[in-house]
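Visitor: Have a peek at coords.cif (mmCIF, C-alpha atoms).
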data_protein
#
loop_
_atom_site.label_atom_id
_atom_site.label_comp_id
_atom_site.auth_asym_id
_atom_site.auth_seq_id
_atom_site.Cartn_x
_atom_site.Cartn_y
_atom_site.Cartn_z
CA MET A 1001 -42.92 140.91 6.59
CA ASN A 1002 -42.82 138.94 3.35
CA GLN A 1003 -40.80 135.76 3.39
CA ASN A 1004 -39.55 136.21 -0.19
CA THR A 1005 -37.44 138.81 -1.86
CA ASP A 1006 -39.78 138.48 -4.84
CA GLN A 1007 -43.23 140.00 -4.51
CA PRO A 1008 -45.30 136.96 -3.50
CA PHE A 1009 -48.17 136.46 -5.88
CA VAL A 1010 -51.49 134.70 -5.37
CA ALA A 1011 -54.01 133.61 -8.01
CA ILE A 1012 -57.56 132.68 -7.04
CA ASN A 1013 -60.07 131.01 -9.31
CA PHE A 1014 -63.61 131.55 -7.98
CA ILE A 1015 -65.63 128.51 -9.12
CA ASP A 1016 -69.38 127.95 -9.28
CA CYS A 1017 -70.52 124.44 -10.17
CA ASP A 1018 -73.98 123.25 -11.08
CA ASP A 1019 -75.23 120.96 -8.29
CA ASP A 1020 -74.97 117.87 -10.48
CA TYR A 1021 -71.34 118.68 -11.37
CA LYS A 1022 -70.01 119.21 -7.82
CA GLN A 1023 -69.13 115.56 -7.22
CA ARG A 1024 -67.22 115.41 -10.53
CA PHE A 1025 -65.45 118.70 -9.77
CA GLU A 1026 -64.30 117.41 -6.38
CA GLU A 1027 -63.20 114.13 -7.93
CA LEU A 1028 -61.13 115.92 -10.58
CA PHE A 1029 -59.24 117.90 -7.96
CA SER A 1030 -58.86 114.98 -5.54
CA THR A 1031 -57.12 113.08 -8.31
CA ARG A 1032 -55.44 116.08 -9.91
CA ALA A 1033 -52.58 115.64 -12.36
CA LYS A 1034 -50.18 117.75 -10.23
CA ALA A 1035 -48.90 119.31 -13.42
CA ILE A 1036 -48.79 122.69 -11.68
CA ASP A 1037 -46.51 121.36 -8.93
CA THR A 1038 -43.65 120.98 -11.42
CA MET A 1039 -43.69 124.62 -12.53
CA PRO A 1040 -40.83 127.03 -11.68
CA GLY A 1041 -41.86 129.46 -8.96
CA PHE A 1042 -44.87 127.41 -7.84
CA LYS A 1043 -45.14 127.36 -4.04
CA ASN A 1044 -48.42 125.65 -3.15
CA MET A 1045 -52.11 125.38 -3.95
CA GLU A 1046 -55.29 124.62 -2.04
CA VAL A 1047 -58.81 123.89 -3.20
CA LEU A 1048 -61.26 125.36 -0.67
CA LYS A 1049 -64.82 124.11 -0.24
CA PRO A 1050 -67.44 126.25 1.56
CA SER A 1051 -68.13 124.84 5.04
CA ASP A 1052 -71.87 125.26 4.55
CA ASN A 1053 -71.83 123.36 1.22
CA SER A 1054 -72.96 126.52 -0.57
CA ASN A 1055 -71.46 127.27 -3.95
CA GLY A 1056 -68.19 129.10 -4.42
CA TYR A 1057 -65.16 126.83 -4.40
CA LEU A 1058 -61.82 128.64 -4.41
CA ILE A 1059 -58.67 127.40 -6.09
CA VAL A 1060 -55.83 129.32 -4.48
CA SER A 1061 -52.26 129.09 -5.79
CA HIS A 1062 -49.16 130.82 -4.43
CA TRP A 1063 -46.23 131.79 -6.67
CA ASN A 1064 -42.84 133.39 -6.21
CA SER A 1065 -43.78 136.09 -8.72
CA GLU A 1066 -46.38 137.15 -11.27
CA ALA A 1067 -43.99 136.13 -14.07
CA ASP A 1068 -43.91 132.55 -12.76
CA PHE A 1069 -47.70 132.46 -12.67
CA LYS A 1070 -48.00 133.79 -16.24
CA GLN A 1071 -45.53 131.20 -17.47
CA TRP A 1072 -47.80 128.49 -16.02
CA THR A 1073 -50.98 129.76 -17.69
CA SER A 1074 -49.30 129.71 -21.11
CA SER A 1075 -47.54 126.35 -20.67
CA PRO A 1076 -48.26 122.89 -22.10
CA GLU A 1077 -48.52 121.73 -18.46
CA PHE A 1078 -51.52 124.06 -18.00
CA ILE A 1079 -53.37 122.28 -20.84
CA GLU A 1080 -52.34 118.90 -19.45
CA GLY A 1081 -53.40 119.80 -15.92
CA HIS A 1082 -56.88 120.91 -17.07
CA LYS A 1083 -57.42 118.19 -19.67
CA ARG A 1084 -60.31 116.32 -18.04
CA GLY A 1085 -62.17 119.47 -16.98
CA PHE A 1086 -61.73 121.06 -20.40
CA ALA A 1087 -63.09 117.84 -21.98
CA ASP A 1088 -66.19 118.02 -19.74
CA MET A 1089 -66.83 121.62 -20.85
CA ALA A 1090 -66.29 120.79 -24.53
CA LYS A 1091 -68.70 117.85 -24.27
CA ALA A 1092 -71.45 120.03 -22.74
CA LYS A 1093 -71.05 122.56 -25.55
CA GLN A 1094 -71.13 119.85 -28.24
CA GLU A 1095 -74.39 118.60 -26.74
CA GLY A 1096 -75.83 122.12 -26.81
CA LYS A 1097 -75.94 122.32 -23.02
CA LYS A 1098 -74.66 125.15 -20.87
CA THR A 1099 -71.30 124.42 -19.27
CA PRO A 1100 -71.70 123.00 -15.72
CA MET A 1101 -68.94 125.12 -14.18
CA HIS A 1102 -68.13 128.81 -14.27
CA SER A 1103 -65.03 130.52 -13.04
CA THR A 1104 -63.80 134.03 -12.37
CA PHE A 1105 -60.15 134.68 -11.99
CA LYS A 1106 -58.45 137.27 -9.77
CA THR A 1107 -54.83 137.84 -8.83
CA TYR A 1108 -53.38 139.32 -5.66
CA THR A 1109 -50.22 140.48 -4.01
CA VAL A 1110 -49.56 139.60 -0.37
CA LEU A 1111 -49.99 142.84 1.57
CA THR A 1112 -48.88 141.32 4.82
CA ARG A 1113 -48.71 138.11 6.82
CA MET B 1078 -53.37 114.75 1.01
CA ASN B 1079 -54.01 116.97 4.05
CA GLN B 1080 -51.03 117.64 6.23
CA ASN B 1081 -53.07 117.52 9.46
CA THR B 1082 -55.07 114.84 11.16
CA ASP B 1083 -57.59 117.56 12.04
CA GLN B 1084 -59.79 118.86 9.25
CA PRO B 1085 -57.88 121.98 8.17
CA PHE B 1086 -60.10 125.03 8.33
CA VAL B 1087 -59.87 128.32 6.46
CA ALA B 1088 -61.69 131.58 7.19
CA ILE B 1089 -61.84 134.36 4.61
CA ASN B 1090 -63.04 137.87 5.26
CA PHE B 1091 -63.97 139.56 1.96
CA ILE B 1092 -63.35 143.29 2.48
CA ASP B 1093 -64.50 146.30 0.49
CA CYS B 1094 -63.07 149.66 1.50
CA ASP B 1095 -64.13 153.11 0.44
CA ASP B 1096 -61.32 154.61 -1.66
CA ASP B 1097 -60.42 157.12 1.02
CA TYR B 1098 -60.12 154.37 3.65
CA LYS B 1099 -57.81 152.01 1.70
CA GLN B 1100 -54.59 153.58 2.91
CA ARG B 1101 -55.75 153.39 6.53
CA PHE B 1102 -56.89 149.77 6.05
CA GLU B 1103 -53.48 148.79 4.66
CA GLU B 1104 -51.73 150.64 7.47
CA LEU B 1105 -53.79 148.84 10.12
CA PHE B 1106 -52.82 145.45 8.75
CA SER B 1107 -49.19 146.35 8.10
CA THR B 1108 -48.88 147.23 11.76
CA ARG B 1109 -51.28 144.61 13.05
CA ALA B 1110 -51.34 143.66 16.73
CA LYS B 1111 -50.57 139.98 15.98
CA ALA B 1112 -53.12 139.03 18.64
CA ILE B 1113 -54.36 136.21 16.37
CA ASP B 1114 -50.87 134.67 16.16
CA THR B 1115 -51.01 133.69 19.83
CA MET B 1116 -54.24 131.68 19.53
CA PRO B 1117 -54.27 127.87 19.90
CA GLY B 1118 -54.70 126.16 16.55
CA PHE B 1119 -53.74 129.24 14.52
CA LYS B 1120 -51.51 128.31 11.56
CA ASN B 1121 -51.06 131.44 9.45
CA MET B 1122 -52.78 134.41 7.87
CA GLU B 1123 -52.36 136.53 4.77
CA VAL B 1124 -53.90 139.80 3.70
CA LEU B 1125 -54.32 139.76 -0.08
CA LYS B 1126 -54.59 142.90 -2.19
CA PRO B 1127 -55.99 142.77 -5.74
CA SER B 1128 -53.17 143.11 -8.30
CA ASP B 1129 -55.21 145.57 -10.33
CA ASN B 1130 -55.89 147.80 -7.30
CA SER B 1131 -59.61 147.08 -7.64
CA ASN B 1132 -61.61 146.58 -4.47
CA GLY B 1133 -61.89 143.25 -2.70
CA TYR B 1134 -59.13 142.64 -0.16
CA LEU B 1135 -59.09 139.14 1.32
CA ILE B 1136 -58.04 138.28 4.85
CA VAL B 1137 -57.29 134.57 4.80
CA SER B 1138 -56.54 132.65 8.00
CA HIS B 1139 -55.70 128.95 8.38
CA TRP B 1140 -56.60 126.97 11.51
CA ASN B 1141 -56.13 123.43 12.73
CA SER B 1142 -59.89 123.08 13.21
CA GLU B 1143 -63.19 124.96 13.17
CA ALA B 1144 -63.25 124.82 16.98
CA ASP B 1145 -59.93 126.71 17.15
CA PHE B 1146 -61.29 129.37 14.80
CA LYS B 1147 -64.50 129.79 16.84
CA GLN B 1148 -62.50 130.14 20.02
CA TRP B 1149 -60.63 133.05 18.39
CA THR B 1150 -63.75 134.94 17.31
CA SER B 1151 -65.14 134.85 20.86
CA SER B 1152 -61.85 135.67 22.62
CA PRO B 1153 -60.63 138.89 24.29
CA GLU B 1154 -57.71 138.71 21.80
CA PHE B 1155 -60.21 139.14 18.93
CA ILE B 1156 -61.43 142.43 20.42
CA GLU B 1157 -57.82 143.51 21.07
CA GLY B 1158 -56.72 142.59 17.55
CA HIS B 1159 -59.52 144.62 15.94
CA LYS B 1160 -59.45 147.56 18.35
CA ARG B 1161 -58.27 150.27 15.94
CA GLY B 1162 -60.53 149.18 13.08
CA PHE B 1163 -63.56 148.89 15.38
CA ALA B 1164 -62.79 152.41 16.68
CA ASP B 1165 -62.78 153.77 13.10
CA MET B 1166 -66.18 152.19 12.43
CA ALA B 1167 -67.63 153.47 15.72
CA LYS B 1168 -66.38 156.98 14.96
CA ALA B 1169 -68.01 156.99 11.51
CA LYS B 1170 -71.33 155.93 13.04
CA GLN B 1171 -71.11 158.57 15.77
CA GLU B 1172 -70.60 161.19 13.07
CA GLY B 1173 -73.64 159.93 11.20
CA LYS B 1174 -71.50 158.70 8.28
CA LYS B 1175 -71.66 155.30 6.65
CA THR B 1176 -68.88 152.96 7.71
CA PRO B 1177 -65.89 153.10 5.30
CA MET B 1178 -65.36 149.33 5.21
CA HIS B 1179 -67.67 146.38 4.66
CA SER B 1180 -66.89 142.74 5.12
CA THR B 1181 -68.44 139.39 4.31
CA PHE B 1182 -67.26 136.33 6.05
CA LYS B 1183 -67.02 132.79 4.68
CA THR B 1184 -65.44 129.63 6.01
CA TYR B 1185 -63.98 126.69 4.13
CA THR B 1186 -62.56 123.23 4.49
CA VAL B 1187 -59.48 122.25 2.49
CA LEU B 1188 -60.72 119.83 -0.18
CA THR B 1189 -57.24 119.06 -1.44
CA ARG B 1190 -53.75 120.43 -1.83
#
Output the structure of this file as structure tokens.
Guide:
Amino acid sequence: MNQNTDQPFVAINFIDCDDDYKQRFEELFSTRAKAIDTMPGFKNMEVLKPSDNSNGYLIVSHWNSEADFKQWTSSPEFIEGHKRGFADMAKAKQEGKKTPMHSTFKTYTVLTR
Amino acid sequence: MNQNTDQPFVAINFIDCDDDYKQRFEELFSTRAKAIDTMPGFKNMEVLKPSDNSNGYLIVSHWNSEADFKQWTSSPEFIEGHKRGFADMAKAKQEGKKTPMHSTFKTYTVLTR
């Protein structure tokens, strides 16, 4: 049922933002660098926002294969694509504050469509 | 950045299966009734399986709008599409066992692509 001969691969970053960082988080993604879009094997991504405005954003990206995904996470484009968010986290740490965003990463295969 | 004039809508069912129910769960979805595919406003669905074989399947469906999604959950097709899984749960309860699958439902808007 898969539409690719490769094993389609999905990465999801589960994000919790402090309330006073949500607007900035949404702004960063609404004006994202699109660095990821240039990567080999990248198919698409979506940033999902809970309908009830609760916490728990999801960043979902689809790849042709796990190898393509791994190449992205170790690429210069990955650093470039996360530059502004990484700077926000570094600034919080420098100021002795806790970072305003936390993420948990999981990867998936597509069982069926 | 959205590809629809409607507000794209995403429903995710977060599933945990008992170990001895995983094979049956995967079988049910690999041979699914495709009842959902006939619904107005349905765009696509994917069943995601954790790469590390840990628990936490995701059933992700995309809809043109929240109204389309709600129409599905209250339709005869919804009952039809879940018939075999519902029967498994009913059987476990009749036998005084705990149900072998648990799900938590969340809905999302697409913030950006």
Visitor: Compile the contact shell of Met1122 of chain B as a list in words: residues with an atom at most 9 Å away, counting only C-alpha atoms, same-chain residues fewer than 5 positions apart removed.
Guide: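 Selected residues are Thr1112 and Arg1113 of chain A; Ile1113, Asp1114, Ile1136, Val1137, Ser1138 and His1139 of chain B.
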Visitor: By how many Å are atom CA of Val1110 of chain A and atom CA of Asp1165 of chain B apart?
Guide: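 Computing the Euclidean distance for atom CA of Val1110 of chain A and atom CA of Asp1165 of chain B yields 23.6 Å.
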Visitor: Counting only C-alpha atoms, write as a list in words all protein and nucleic acid residues lying at most 8 Å from (-68.9, 123.8, -15.8) in the file's frame.
Guide: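 Neighbouring residues, ordered by chain and number, come to Asp1016, Cys1017, Asp1018, Tyr1021, Asp1088, Met1089, Lys1098, Thr1099, Pro1100, Met1101 and His1102 of chain A.
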Visitor: How would the residues just chosen look if you wrote them out with C-alpha atoms as a PDB file, keeping the file's coordinate frame?
Guide:
ATOM      1  CA  ASP A1016     -69.380 127.950  -9.280  1.00  0.00           C
ATOM      2  CA  CYS A1017     -70.520 124.440 -10.170  1.00  0.00           C
ATOM      3  CA  ASP A1018     -73.980 123.250 -11.080  1.00  0.00           C
ATOM      4  CA  TYR A1021     -71.340 118.680 -11.370  1.00  0.00           C
ATOM      5  CA  ASP A1088     -66.190 118.020 -19.740  1.00  0.00           C
ATOM      6  CA  MET A1089     -66.830 121.620 -20.850  1.00  0.00           C
ATOM      7  CA  LYS A1098     -74.660 125.150 -20.870  1.00  0.00           C
ATOM      8  CA  THR A1099     -71.300 124.420 -19.270  1.00  0.00           C
ATOM      9  CA  PRO A1100     -71.700 123.000 -15.720  1.00  0.00           C
ATOM     10  CA  MET A1101     -68.940 125.120 -14.180  1.00  0.00           C
ATOM     11  CA  HIS A1102     -68.130 128.810 -14.270  1.00  0.00           C
TER      12      HIS A1102
END
Visitor: Distance atom CA of Glu1157 of chain B-atom CA of Ser1107 of chain B, one decimal place?
Guide: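 A separation of 15.8 Å between them.
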Visitor: Please identify every residue of chain A that has at least one atom no more than 8 Å from any atom of chain B, counting only C-alpha atoms, and report them as number ranges by chain.
Guide: A: 1010, 1026, 1029-1030, 1044-1052, 1106-1113
Visitor: Store the residues of this selection in a file with C-alpha atoms, as a PDB file, keeping the file's coordinate frame.
Guide:
ATOM      1  CA  VAL A1010     -51.490 134.700  -5.370  1.00  0.00           C
ATOM      2  CA  GLU A1026     -64.300 117.410  -6.380  1.00  0.00           C
ATOM      3  CA  PHE A1029     -59.240 117.900  -7.960  1.00  0.00           C
ATOM      4  CA  SER A1030     -58.860 114.980  -5.540  1.00  0.00           C
ATOM      5  CA  ASN A1044     -48.420 125.650  -3.150  1.00  0.00           C
ATOM      6  CA  MET A1045     -52.110 125.380  -3.950  1.00  0.00           C
ATOM      7  CA  GLU A1046     -55.290 124.620  -2.040  1.00  0.00           C
ATOM      8  CA  VAL A1047     -58.810 123.890  -3.200  1.00  0.00           C
ATOM      9  CA  LEU A1048     -61.260 125.360  -0.670  1.00  0.00           C
ATOM     10  CA  LYS A1049     -64.820 124.110  -0.240  1.00  0.00           C
ATOM     11  CA  PRO A1050     -67.440 126.250   1.560  1.00  0.00           C
ATOM     12  CA  SER A1051     -68.130 124.840   5.040  1.00  0.00           C
ATOM     13  CA  ASP A1052     -71.870 125.260   4.550  1.00  0.00           C
ATOM     14  CA  LYS A1106     -58.450 137.270  -9.770  1.00  0.00           C
ATOM     15  CA  THR A1107     -54.830 137.840  -8.830  1.00  0.00           C
ATOM     16  CA  TYR A1108     -53.380 139.320  -5.660  1.00  0.00           C
ATOM     17  CA  THR A1109     -50.220 140.480  -4.010  1.00  0.00           C
ATOM     18  CA  VAL A1110     -49.560 139.600  -0.370  1.00  0.00           C
ATOM     19  CA  LEU A1111     -49.990 142.840   1.570  1.00  0.00           C
ATOM     20  CA  THR A1112     -48.880 141.320   4.820  1.00  0.00           C
ATOM     21  CA  ARG A1113     -48.710 138.110   6.820  1.00  0.00           C
TER      22      ARG A1113
END
Visitor: State, in Å with one decimal place, the distance from atom CA of Lys1091 of chain A to atom CA of Ile1015 of chain A.
Guide: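 Interatomic distance here is 18.8 Å.
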Visitor: Write out as an MDAnalysis selection string each polymer residue whose atoms come within 10 Å of segment 1071-1078 of chain A, counting all atoms listed in the file; drop sequence neighbours fewer than 6 positions from it.
Guide: chainID A and resid 1033:1042
Visitor: Out of B:Ile1089, B:Asp1097, B:Ala1167, B:Lys1120, which residue has the shortest atom-to-atom distance to Asp1145 of chain B when counting all atoms listed in the file?
Guide: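 Of B:Ile1089, B:Asp1097, B:Ala1167, B:Lys1120, the one nearest Asp1145 of chain B, counting all atoms listed in the file, is B:Lys1120.
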Visitor: Please fill the gaps in segment 1067-1091 of chain A so it has N, CA and C atoms, and write that as a tab-separated table (two decimals), keeping the file's coordinate frame.
Guide:
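Resulting contents of result.tsv:
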chain	number	residue	atom	x	y	z
A	1067	ALA	N	-44.57	136.71	-12.86
A	1067	ALA	CA	-43.99	136.13	-14.07
A	1067	ALA	C	-44.07	134.61	-14.05
A	1068	ASP	N	-43.82	134.01	-12.89
A	1068	ASP	CA	-43.91	132.55	-12.76
A	1068	ASP	C	-45.34	132.08	-13.02
A	1069	PHE	N	-46.30	132.82	-12.47
A	1069	PHE	CA	-47.70	132.46	-12.67
A	1069	PHE	C	-48.08	132.54	-14.16
A	1070	LYS	N	-47.65	133.60	-14.82
A	1070	LYS	CA	-48.00	133.79	-16.24
A	1070	LYS	C	-47.39	132.69	-17.10
A	1071	GLN	N	-46.18	132.28	-16.72
A	1071	GLN	CA	-45.53	131.20	-17.47
A	1071	GLN	C	-46.36	129.91	-17.38
A	1072	TRP	N	-46.94	129.67	-16.21
A	1072	TRP	CA	-47.80	128.49	-16.02
A	1072	TRP	C	-49.03	128.54	-16.93
A	1073	THR	N	-49.71	129.69	-16.94
A	1073	THR	CA	-50.98	129.76	-17.69
A	1073	THR	C	-50.77	129.62	-19.20
A	1074	SER	N	-49.54	129.85	-19.68
A	1074	SER	CA	-49.30	129.71	-21.11
A	1074	SER	C	-48.46	128.46	-21.43
A	1075	SER	N	-48.40	127.54	-20.49
A	1075	SER	CA	-47.54	126.35	-20.67
A	1075	SER	C	-48.33	125.13	-21.16
A	1076	PRO	N	-47.62	124.17	-21.76
A	1076	PRO	CA	-48.26	122.89	-22.10
A	1076	PRO	C	-48.78	122.17	-20.84
A	1077	GLU	N	-48.09	122.36	-19.72
A	1077	GLU	CA	-48.52	121.73	-18.46
A	1077	GLU	C	-49.91	122.24	-18.03
A	1078	PHE	N	-50.21	123.49	-18.35
A	1078	PHE	CA	-51.52	124.06	-18.00
A	1078	PHE	C	-52.63	123.30	-18.74
A	1079	ILE	N	-52.42	123.05	-20.03
A	1079	ILE	CA	-53.37	122.28	-20.84
A	1079	ILE	C	-53.50	120.86	-20.27
A	1080	GLU	N	-52.36	120.26	-19.99
A	1080	GLU	CA	-52.34	118.90	-19.45
A	1080	GLU	C	-53.08	118.83	-18.11
A	1081	GLY	N	-52.82	119.80	-17.25
A	1081	GLY	CA	-53.40	119.80	-15.92
A	1081	GLY	C	-54.91	120.00	-15.92
A	1082	HIS	N	-55.44	120.62	-16.99
A	1082	HIS	CA	-56.88	120.91	-17.07
A	1082	HIS	C	-57.61	120.02	-18.06
A	1083	LYS	N	-56.92	118.98	-18.55
A	1083	LYS	CA	-57.42	118.19	-19.67
A	1083	LYS	C	-58.83	117.62	-19.43
A	1084	ARG	N	-59.02	116.98	-18.28
A	1084	ARG	CA	-60.31	116.32	-18.04
A	1084	ARG	C	-61.43	117.34	-17.85
A	1085	GLY	N	-61.14	118.42	-17.16
A	1085	GLY	CA	-62.17	119.47	-16.98
A	1085	GLY	C	-62.53	120.14	-18.30
A	1086	PHE	N	-61.48	120.46	-19.09
A	1086	PHE	CA	-61.73	121.06	-20.40
A	1086	PHE	C	-62.58	120.13	-21.27
A	1087	ALA	N	-62.32	118.82	-21.19
A	1087	ALA	CA	-63.09	117.84	-21.98
A	1087	ALA	C	-64.56	117.84	-21.55
A	1088	ASP	N	-64.80	117.95	-20.24
A	1088	ASP	CA	-66.19	118.02	-19.74
A	1088	ASP	C	-66.91	119.24	-20.33
A	1089	MET	N	-66.21	120.39	-20.35
A	1089	MET	CA	-66.83	121.62	-20.85
A	1089	MET	C	-67.11	121.52	-22.36
A	1090	ALA	N	-66.13	120.95	-23.09
A	1090	ALA	CA	-66.29	120.79	-24.53
A	1090	ALA	C	-67.47	119.87	-24.85
A	1091	LYS	N	-67.61	118.81	-24.06
A	1091	LYS	CA	-68.70	117.85	-24.27
A	1091	LYS	C	-70.07	118.53	-24.07
